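**Student:** Below you'll find the structure I mean.
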Amino acid sequence: MTTFSPKSSFIILALIISPSVSATRASKFQAEKPCKRMVLYYHDKLFDGTEKDKANATSATAANASKLSDTNFGMLVVFNDPITIDDKFHSPPVARAQGFYFYDRKDTYTAWFAYTLVFNSSEHKGTLNIMGADLMTEKTRDLSVVGGTGDFFMARGIATFQTDTFQGLYYFRLKMDIKLYECY
Amino acid sequence: MTTFSPKSSFIILALIISPSVSATRASKFQAEKPCKRMVLYYHDKLFDGTEKDKANATSATAANASKLSDTNFGMLVVFNDPITIDDKFHSPPVARAQGFYFYDRKDTYTAWFAYTLVFNSSEHKGTLNIMGADLMTEKTRDLSVVGGTGDFFMARGIATFQTDTFQGLYYFRLKMDIKLYECY
Amino acid sequence: MTTFSPKSSFIILALIISPSVSATRASKFQAEKPCKRMVLYYHDKLFDGTEKDKANATSATAANASKLSDTNFGMLVVFNDPITIDDKFHSPPVARAQGFYFYDRKDTYTAWFAYTLVFNSSEHKGTLNIMGADLMTEKTRDLSVVGGTGDFFMARGIATFQTDTFQGLYYFRLKMDIKLYECY
């Protein structure tokens with residue numbers, strides 16, 4: 001019959017506890033294993049200043065481009081853009097993206113975004129707050145999901161942008177691959 | 001007299017470890033159990049452009065509204081607003097709110113905020129950084145506390161806005177219910 | 001020879017588990033023990049509007065100062081600034097800082113920053129997203145690192161600013177001491 005000493009018990013404990021704690025940490029933050037993922041399309045129709053564009057436009061220039069370059073450096077746009085689950089502008093939006101971007105490079109186009117995804121549907125109620133650089137010359141680029149509310153209470157993660165279409169300044173569409181690694 | 005086998009020890013360990021770890025996580029992030037809570041009032045007195053308003057005004061228009069709508073779409077305001085613990089504008093401020101908001105909806109008023117609460121009192125020294133959508137048509141709306149410094153080192157949480165009074169563009173007051181879920 | 005009861009086993013377990021969990025937490029978030037630290041220099045050369053400054057300038061005014069004060073209250077600048085590891089403007093940049101700042105105080109100068117550090121070197125690829133108040137009258141001031149991507153996947157931390165030189169509006173240099181407390 002086996003009897004048991006405190007010392008051997010201690011060793012068994014250590015073996016059990018350590019993997020348990022580190023496994024929890026690691027799984028929470030593996031890039032390929034988000035706890036929640038959504039692929040969304042963002043449509044930006046910049047107001048062209050004409051009366052007839054008022055109904056369709058979803059964003060407007062708040063600050064004009066500087067004279068520093070001919071790449072719109074400093075142009076700042078406020079948007080309230082529809083978010084759809086396919087790439088059709090007229091599909092029913094599942095969320096709104098409310099925020100702003102500005103152009104910030106002299107020799108080509110790059111932008112910087114900060115915005116809130118506002119969900120108010122039967123599927124999701126709540127918001128995700130996102131900010132980061134949109135390095136438009138890269139095929140994909142990552143921004144940070146820095147917080148969330150409602151169904152996305154205290155969420156954090158990554159929003160990967162991909163340009164889906166770019167028709168000059170007045171219409172572009174981004175594919176936003178939202179991956180959350182903190183879900184509560 | 002009871003003797004003890006490694007196998008039974010293992011089972012007891014598993015029972016003890018699992019609840020312990022999950023309890024720590026859960027209590028950190030239950031919406032009704034912040035680790036720190038502050039109810040504050042934010043006063044915004046927008047500069048009206050007159051000489052005599054310079055002393056009192058706490059914010060100024062940085063970018064004018066676009067012509068997209070008559071709801072100030074695109075109007076961007078920079079503020080340095082007093083934060084008080086009651087709803088009196090002239091109460092001694094316990095913090096300043098430094099940041100900006102802009103209006104971002106065509107058919108009604110909504111706004112988007114990013115700002116820092118700067119505390120420099122005997123009670124608190126440090127900052128909280130906050131961003132999110134202010135969906136003014138909702139009774140309450142949640143923004144994200146995305147970071148903190150000083151006494152609020154590495155904090156995260158939720159800032160719930162409620163309109164306390166809204167006297168047109170030139171004065172409004174928000175009740176900000178700050179709930180932190182990460183405190184260190 | 002010692003025999004072992006479930007009760008004594010329980011007590012030993014509790015002693016082992018508790019310190020283990022709290023040690024993990026604490027070490028992650030001690031201000032003096034970041035998991036990653038970088039001291040960087042940020043150079044901002046604001047465009048003065050002249051043709052010959054276009055090549056050198058790294059930032060441009062997007063919104064002019066309001067008339068609220070003579071301290072540039074409301075002036076908003078978009079930047080794409082070189083980041084170097086020493087204080088020389090012409091050193092090879094190790095990153096770019098893309099974002100904006102604005103001035104936000106009536107009686108002296110303070111500013112508010114939100115930006116992305118974009119790393120694309122052999123040493124680091126990825127971004128850090130940062131926001132907070134730059135209380136320029138303080139010797140050092142802390143902003144929040146609210147997220148990261150790539151090599152800085154899901155990072156959080158503190159960015160401590162120190163003014164290294166300030167030559168009026170058109171050139172200033174900040175020492176940015178970046179301390180990450182969440183590294184994955």
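Order determines the names: the first chain of the structure tokens is A, the second B, and so forth; residues in each chain are numbered 1 upward, and ligands are numbered 1 upward as they are shown.
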Using only C-alpha atoms and a distance of at most 7 Å, pull out the residues of chain B that contact chain C, as a ChimeraX atom specification.
**Tutor:** /B:2-4,47,54,60-63,78-80,98-99,116,129,146-149,154
**Student:** To test your reading of the structure, identify every residue in stretch 46-130 of chain B that backbone DSSP assigns to strand (DSSP E or B), and report it as a ChimeraX atom specification.
**Tutor:** /B:46,59-63,76-84,95-103,111-120,125-130
**Student:** Residues at most 6 Å from stretch 81-96 of chain C, counting only C-alpha atoms, excluding those fewer than 3 positions away in the same chain, as a ChimeraX atom specification?
**Tutor:** /C:40-44,58,117-119
